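Listing of work27.pdb; format and content: PDB, C-alpha atoms.
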ATOM      1  CA  MET A 944     196.657  46.278 -18.386
ATOM      2  CA  GLN A 945     194.496  45.997 -21.471
ATOM      3  CA  VAL A 946     194.811  42.203 -21.465
ATOM      4  CA  TYR A 947     193.312  42.058 -17.987
ATOM      5  CA  ALA A 948     190.765  44.878 -18.642
ATOM      6  CA  VAL A 949     192.203  47.237 -16.027
ATOM      7  CA  ASP A 950     192.033  51.036 -16.215
ATOM      8  CA  ALA A 951     194.398  53.398 -14.396
ATOM      9  CA  PHE A 952     193.567  57.005 -13.592
ATOM     10  CA  GLU A 953     194.395  59.746 -11.105
ATOM     11  CA  SER A 954     191.835  60.664  -8.477
ATOM     12  CA  GLY A 955     192.560  63.159  -5.713
ATOM     13  CA  GLY A 956     196.315  62.886  -6.208
ATOM     14  CA  VAL A 957     196.272  59.077  -6.007
ATOM     15  CA  LEU A 958     196.829  56.603  -8.847
ATOM     16  CA  VAL A 959     193.801  54.273  -8.971
ATOM     17  CA  PHE A 960     193.600  50.897 -10.732
ATOM     18  CA  ARG A 961     190.101  49.571 -11.470
ATOM     19  CA  SER A 962     188.884  46.464 -13.271
ATOM     20  CA  ARG A 963     186.437  47.186 -16.049
ATOM     21  CA  GLY A 964     182.887  45.967 -15.727
ATOM     22  CA  PHE A 965     182.822  45.483 -11.962
ATOM     23  CA  SER A 966     181.419  48.849 -10.959
ATOM     24  CA  ASP A 967     177.750  49.733 -10.702
ATOM     25  CA  VAL A 968     176.033  51.472 -13.589
ATOM     26  CA  ASN A 969     174.734  54.911 -12.579
ATOM     27  CA  ALA A 970     171.665  56.060 -14.488
ATOM     28  CA  LEU A 971     171.849  59.677 -15.652
ATOM     29  CA  THR A 972     168.870  61.662 -16.815
ATOM     30  CA  VAL A 973     168.696  65.016 -18.568
ATOM     31  CA  GLU A 974     168.015  66.638 -15.185
ATOM     32  CA  HIS A 975     171.550  65.650 -14.056
ATOM     33  CA  LEU A 976     173.163  67.404 -17.036
ATOM     34  CA  ILE A 977     173.834  71.001 -17.987
ATOM     35  CA  ALA A 978     172.621  72.028 -21.425
ATOM     36  CA  PRO A 979     175.259  73.792 -23.544
ATOM     37  CA  SER A 980     174.827  77.539 -23.784
ATOM     38  CA  GLY A 981     173.982  79.209 -27.071
ATOM     39  CA  GLY A 982     172.686  76.178 -28.897
ATOM     40  CA  ASN A 983     169.912  73.671 -29.122
ATOM     41  CA  THR A 984     172.108  70.624 -29.678
ATOM     42  CA  GLY A 985     170.839  68.878 -26.553
ATOM     43  CA  ALA A 986     172.522  68.038 -23.285
ATOM     44  CA  VAL A 987     174.400  65.030 -24.717
ATOM     45  CA  GLN A 988     176.410  65.124 -27.920
ATOM     46  CA  HIS A 989     176.822  61.674 -29.469
ATOM     47  CA  GLU A 990     179.543  61.015 -32.003
ATOM     48  CA  THR A 991     179.741  57.877 -34.110
ATOM     49  CA  GLY A 992     183.136  56.963 -35.523
ATOM     50  CA  ARG A 993     183.680  56.267 -39.164
ATOM     51  CA  GLU A 994     182.907  52.794 -40.437
ATOM     52  CA  THR A 995     186.481  52.575 -41.673
ATOM     53  CA  GLU A 996     187.621  52.606 -38.031
ATOM     54  CA  LEU A 997     185.756  49.374 -37.258
ATOM     55  CA  VAL A 998     187.940  46.293 -37.055
ATOM     56  CA  ASP A 999     187.226  43.094 -39.041
ATOM     57  CA  GLN A1000     189.914  40.953 -37.436
ATOM     58  CA  VAL A1001     192.040  41.033 -34.264
ATOM     59  CA  ARG A1002     195.319  39.125 -33.848
ATOM     60  CA  LEU A1003     197.473  38.695 -30.761
ATOM     61  CA  SER A1004     200.975  37.245 -30.497
ATOM     62  CA  TYR A1005     202.098  36.111 -27.033
ATOM     63  CA  SER A1006     204.109  33.429 -25.211
ATOM     64  CA  LEU A1007     202.285  30.129 -24.851
ATOM     65  CA  ALA A1008     202.000  28.822 -21.313
ATOM     66  CA  GLU A1009     201.338  25.290 -22.614
ATOM     67  CA  SER A1010     204.351  24.870 -24.906
ATOM     68  CA  ASP A1011     207.587  25.823 -23.166
ATOM     69  CA  TYR A1012     206.838  29.505 -23.739
ATOM     70  CA  ARG A1013     206.916  29.308 -27.511
ATOM     71  CA  ILE A1014     205.319  32.080 -29.514
ATOM     72  CA  GLY A1015     201.557  31.656 -29.819
ATOM     73  CA  ALA A1016     198.908  33.485 -31.761
ATOM     74  CA  ALA A1017     195.195  34.006 -31.312
ATOM     75  CA  GLU A1018     192.802  35.671 -33.682
ATOM     76  CA  THR A1019     189.149  36.330 -34.207
ATOM     77  CA  ARG A1020     187.207  37.893 -37.023
ATOM     78  CA  LEU A1021     183.738  39.098 -37.784
ATOM     79  CA  PRO A1022     181.667  36.473 -39.594
ATOM     80  CA  ASP A1023     180.852  38.874 -42.418
ATOM     81  CA  GLY A1024     184.154  40.781 -42.252
ATOM     82  CA  GLU A1025     185.993  41.558 -45.445
ATOM     83  CA  LEU A1026     189.424  41.450 -43.740
ATOM     84  CA  LEU A1027     190.148  45.011 -44.749
ATOM     85  CA  ARG A1028     190.878  46.290 -41.261
ATOM     86  CA  VAL A1029     193.101  44.109 -39.103
ATOM     87  CA  SER A1030     194.349  45.042 -35.642
ATOM     88  CA  GLU A1031     197.526  43.197 -34.718
ATOM     89  CA  THR A1032     199.289  43.261 -31.337
ATOM     90  CA  SER A1033     202.345  41.465 -30.004
ATOM     91  CA  LEU A1034     202.752  41.396 -26.233
ATOM     92  CA  PRO A1035     205.527  40.074 -23.980
ATOM     93  CA  ILE A1036     203.081  38.136 -21.817
ATOM     94  CA  VAL A1037     202.528  34.456 -21.004
ATOM     95  CA  LEU A1038     198.951  33.266 -21.578
ATOM     96  CA  SER A1039     197.170  29.993 -22.099
ATOM     97  CA  SER A1040     195.740  29.641 -25.587
ATOM     98  CA  SER A1041     192.162  29.720 -24.257
ATOM     99  CA  LYS A1042     192.795  32.934 -22.287
ATOM    100  CA  ALA A1043     194.411  34.546 -25.349
ATOM    101  CA  GLN A1044     191.353  33.620 -27.413
ATOM    102  CA  GLN A1045     189.091  35.260 -24.826
ATOM    103  CA  VAL A1046     191.238  38.397 -24.929
ATOM    104  CA  VAL A1047     191.039  38.825 -28.719
ATOM    105  CA  GLU A1048     187.292  38.185 -28.736
ATOM    106  CA  ARG A1049     186.795  40.804 -26.015
ATOM    107  CA  TRP A1050     189.051  43.279 -27.870
ATOM    108  CA  MET A1051     187.030  42.798 -31.054
ATOM    109  CA  SER A1052     183.769  43.442 -29.225
ATOM    110  CA  GLU A1053     185.223  46.380 -27.282
ATOM    111  CA  SER A1054     186.641  48.119 -30.326
ATOM    112  CA  ASN A1055     183.468  47.843 -32.367
ATOM    113  CA  ARG A1056     181.217  48.760 -29.426
ATOM    114  CA  ALA A1057     183.368  51.798 -28.548
ATOM    115  CA  ASN A1058     182.714  53.337 -31.949
ATOM    116  CA  VAL A1059     180.163  55.621 -30.290
ATOM    117  CA  SER A1060     181.175  58.302 -27.797
ATOM    118  CA  ALA A1061     179.250  60.894 -25.817
ATOM    119  CA  THR A1062     180.225  64.234 -24.338
ATOM    120  CA  PHE A1063     178.169  66.185 -21.834
ATOM    121  CA  SER A1064     178.462  68.612 -18.925
ATOM    122  CA  MET A1065     177.521  68.112 -15.303
ATOM    123  CA  PRO A1066     177.399  70.617 -12.452
ATOM    124  CA  PRO A1067     180.549  71.022 -10.318
ATOM    125  CA  SER A1068     178.690  69.316  -7.446
ATOM    126  CA  ALA A1069     178.823  65.983  -9.336
ATOM    127  CA  VAL A1070     182.293  65.202  -7.999
ATOM    128  CA  SER A1071     181.537  61.522  -7.445
ATOM    129  CA  TYR A1072     181.878  60.727 -11.176
ATOM    130  CA  GLU A1073     185.420  59.684 -12.149
ATOM    131  CA  PRO A1074     187.107  58.024 -15.117
ATOM    132  CA  GLY A1075     186.220  54.351 -15.251
ATOM    133  CA  ASP A1076     182.723  54.844 -13.837
ATOM    134  CA  LEU A1077     179.859  53.337 -15.807
ATOM    135  CA  ILE A1078     176.808  55.432 -16.606
ATOM    136  CA  SER A1079     173.659  54.786 -18.575
ATOM    137  CA  LEU A1080     172.247  57.483 -20.825
ATOM    138  CA  SER A1081     168.810  57.391 -22.366
ATOM    139  CA  GLY A1082     168.326  58.897 -25.762
ATOM    140  CA  GLN A1083     167.230  58.195 -29.309
ATOM    141  CA  GLY A1084     164.723  55.636 -28.052
ATOM    142  CA  ASN A1085     167.198  53.405 -26.193
ATOM    143  CA  THR A1086     169.463  53.284 -23.171
ATOM    144  CA  GLU A1087     173.194  52.777 -23.649
ATOM    145  CA  VAL A1088     175.963  52.145 -21.118
ATOM    146  CA  TYR A1089     179.065  54.356 -21.317
ATOM    147  CA  ARG A1090     182.428  54.282 -19.529
ATOM    148  CA  ILE A1091     183.736  57.703 -18.478
ATOM    149  CA  ASP A1092     187.128  58.233 -20.116
ATOM    150  CA  ARG A1093     187.918  61.839 -19.214
ATOM    151  CA  VAL A1094     186.651  64.458 -16.784
ATOM    152  CA  THR A1095     187.706  68.090 -17.178
ATOM    153  CA  ASP A1096     186.870  70.383 -14.276
ATOM    154  CA  SER A1097     186.052  73.984 -15.159
ATOM    155  CA  GLU A1098     182.840  75.991 -14.701
ATOM    156  CA  ALA A1099     181.091  72.691 -15.314
ATOM    157  CA  ARG A1100     182.478  69.149 -15.328
ATOM    158  CA  GLU A1101     183.046  68.275 -18.977
ATOM    159  CA  ILE A1102     182.767  64.494 -19.368
ATOM    160  CA  ALA A1103     183.808  62.341 -22.320
ATOM    161  CA  ALA A1104     182.546  58.757 -22.331
ATOM    162  CA  THR A1105     182.764  55.743 -24.622
ATOM    163  CA  ARG A1106     179.978  53.241 -25.224
ATOM    164  CA  THR A1107     180.631  49.855 -23.642
ATOM    165  CA  GLU A1108     178.917  46.637 -22.673
ATOM    166  CA  THR A1109     179.178  45.358 -19.106
ATOM    167  CA  THR A1110     178.850  41.699 -20.095
ATOM    168  CA  LEU A1111     182.178  41.850 -21.959
ATOM    169  CA  TYR A1112     184.004  41.691 -18.638
ATOM    170  CA  LEU A1113     182.087  38.930 -16.898
ATOM    171  CA  PRO A1114     184.188  35.893 -15.993
ATOM    172  CA  THR A1115     183.798  32.988 -18.375
ATOM    173  CA  ALA A1116     184.803  29.388 -18.126
ATOM    174  CA  VAL A1117     188.290  28.821 -19.487
ATOM    175  CA  SER A1118     189.100  25.403 -20.861
ATOM    176  CA  TYR A1119     192.688  24.646 -20.034
ATOM    177  CA  THR A1120     194.555  22.206 -22.162
ATOM    178  CA  HIS A1121     196.771  19.703 -20.437
ATOM    179  CA  LEU A1122     199.863  21.506 -19.241
ATOM    180  CA  THR A1123     203.054  19.488 -19.274
ATOM    181  CA  LEU A1124     205.682  20.944 -17.050
ATOM    182  CA  PRO A1125     209.253  20.776 -18.274
ATOM    183  CA  THR A1126     211.574  18.314 -16.557
ATOM    184  CA  ILE A1127     214.269  20.018 -14.513
ATOM    185  CA  TYR A1128     217.548  18.180 -14.168
ATOM    186  CA  SER A1129     219.937  19.028 -11.399
TER     187      SER A1129
END
Give the structure from the file, written as structure tokens.
Amino acid sequence: MQVYAVDAFESGGVLVFRSRGFSDVNALTVEHLIAPSGGNTGAVQHETGRETELVDQVRLSYSLAESDYRIGAAETRLPDGELLRVSETSLPIVLSSSKAQQVVERWMSESNRANVSATFSMPPSAVSYEPGDLISLSGQGNTEVYRIDRVTDSEAREIAATRTETTLYLPTAVSYTHLTLPTIYS
């Protein structure tokens, strides 16, 4: 599901599959949120991951659609990366080499963009917000888009979200190399 940027979550007793990046971005303001009790930390708590969690290079092994399903590999790296942190994945999936390259480039951008997370509380009446929804939060002089990862219902709806970029999931032109189909003898 990660190759095709699809999220799965439970909503109202039903398993829901949703493509990333194709939902509307809902703008949230401080008035929509519940401030935490007993502190002055603000309505939204931002957490930035450690720099050591950022990835310099992403590699993917897969089956090549163009070459009789031989093993293929795609990789991308940051231009100034030191190659200290490499994320490597091998999947039993058939992809064209251009599609595999798009996947690793999106994964690299996703992983480094998702280094920032936000947690906040909303009133119980905000039942329309579910995992996978995109929201924009203003703060620290800028507006960022977040994808809701988890909603915990209690006295208030506790929401955990990860920073994302909607343009990562827009369709792009894929250049297909000439596919030669194998000859089948009967």
Suppose a student applies the PyMOL selection byres ((chain A and resi 1031) around 12) to this structure; what residues should they get, written as a tab-separated table (two decimals) with C-alpha atoms, in the frame of the given file?
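Result file follows (out_33.tsv):
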chain	number	residue	atom	x	y	z
A	998	VAL	CA	187.94	46.29	-37.06
A	999	ASP	CA	187.23	43.09	-39.04
A	1000	GLN	CA	189.91	40.95	-37.44
A	1001	VAL	CA	192.04	41.03	-34.26
A	1002	ARG	CA	195.32	39.12	-33.85
A	1003	LEU	CA	197.47	38.70	-30.76
A	1004	SER	CA	200.98	37.24	-30.50
A	1005	TYR	CA	202.10	36.11	-27.03
A	1016	ALA	CA	198.91	33.48	-31.76
A	1017	ALA	CA	195.20	34.01	-31.31
A	1018	GLU	CA	192.80	35.67	-33.68
A	1019	THR	CA	189.15	36.33	-34.21
A	1020	ARG	CA	187.21	37.89	-37.02
A	1028	ARG	CA	190.88	46.29	-41.26
A	1029	VAL	CA	193.10	44.11	-39.10
A	1030	SER	CA	194.35	45.04	-35.64
A	1032	THR	CA	199.29	43.26	-31.34
A	1033	SER	CA	202.34	41.46	-30.00
A	1034	LEU	CA	202.75	41.40	-26.23
A	1047	VAL	CA	191.04	38.83	-28.72
A	1050	TRP	CA	189.05	43.28	-27.87
A	1051	MET	CA	187.03	42.80	-31.05
Tell me, as a list in words, which residues lie within 10 Å of Glu1053 (chain A), counting only C-alpha atoms; anything in the same chain fewer than 5 positions away does not count. Val1047, Glu1048, Asn1058, Arg1106, Thr1107, Glu1108, Leu1111 and Tyr1112 of chain A
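The gap separating CA of Ala948 (chain A) from CA of Asn1085 (chain A) is 26.2 Å, in Å to one decimal.
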Residues within 10 Å of region 971-974 of chain A, please, as a short mmCIF file (atom, residue, chain, number, x, y, z; two decimals) with C-alpha atoms, keeping the file's coordinate frame. Count only C-alpha atoms; anything in the same chain fewer than 2 positions from it doesn't count.
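As a result, result.cif now contains:
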data_model
loop_
_atom_site.label_atom_id
_atom_site.label_comp_id
_atom_site.auth_asym_id
_atom_site.auth_seq_id
_atom_site.Cartn_x
_atom_site.Cartn_y
_atom_site.Cartn_z
CA VAL A 968 176.03 51.47 -13.59
CA ASN A 969 174.73 54.91 -12.58
CA LEU A 976 173.16 67.40 -17.04
CA ILE A 977 173.83 71.00 -17.99
CA ALA A 978 172.62 72.03 -21.42
CA GLY A 985 170.84 68.88 -26.55
CA ALA A 986 172.52 68.04 -23.28
CA VAL A 987 174.40 65.03 -24.72
CA MET A 1065 177.52 68.11 -15.30
CA ILE A 1078 176.81 55.43 -16.61
CA SER A 1079 173.66 54.79 -18.58
CA LEU A 1080 172.25 57.48 -20.82
CA SER A 1081 168.81 57.39 -22.37
CA GLY A 1082 168.33 58.90 -25.76
#
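Here CA of Gln988 (chain A) and CA of Asp950 (chain A) stand 24.1 Å from one another.
Using only C-alpha atoms for every distance, the candidate list A:Ser1060, A:Gln1045, A:Thr1105, A:Ser1040 yields A:Thr1105 as the residue closest to Pro1074 (chain A).
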List the spatial neighbours of Phe960 (chain A) as JSON, numbers by chain - criterion: any atom at most 10 Å away, all atoms listed in the file, same-chain residues fewer than 4 positions off excluded. {"A": [944, 949, 950, 951, 952, 953, 1075]}
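Compared by their closest atoms to Gln1044 (chain A), and using only C-alpha atoms, the residues A:Ile1091, A:Val946, A:Val1059, A:His975 rank with A:Val946 nearest.
One finds CA of Asp1096 (chain A) at 13.5 Å from CA of Thr1062 (chain A).
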Just need the box for region 1074-1081 of chain A, edges along x, y and z, holding every atom the file lists for it with 5 Å tacked onto each side, so centre and edge lengths in Å to one decimal, as JSON.
{"center_x": 178.0, "center_y": 55.7, "center_z": -18.1, "size_x": 28.3, "size_y": 14.7, "size_z": 18.5}
Reference answer for the PyMOL selection byres ((chain A and resi 1099) around 12), as a VMD selection string: chain A and resid 975 to 980 1063 to 1070 1094 to 1098 1100 to 1102
Find the residue from A:Leu1038, A:Leu1007, A:Leu1021, A:Glu1073 that sits nearest to Gly955 (chain A); use all atoms listed in the file when measuring. A:Glu1073
Given the PyMOL selection byres ((chain A and resi 1006) around 6) and the file above, list the residues it selects as a VMD selection string. chain A and resid 1005 1007 1012 to 1015 1036 to 1037
Selected residue of minimal separation from Arg1056 (chain A) among A:Asp1076, A:Glu1009, A:Asp1023, A:Glu1087, counting only C-alpha atoms: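 Among the listed residues, the smallest separation from Arg1056 (chain A) belongs to A:Glu1087.
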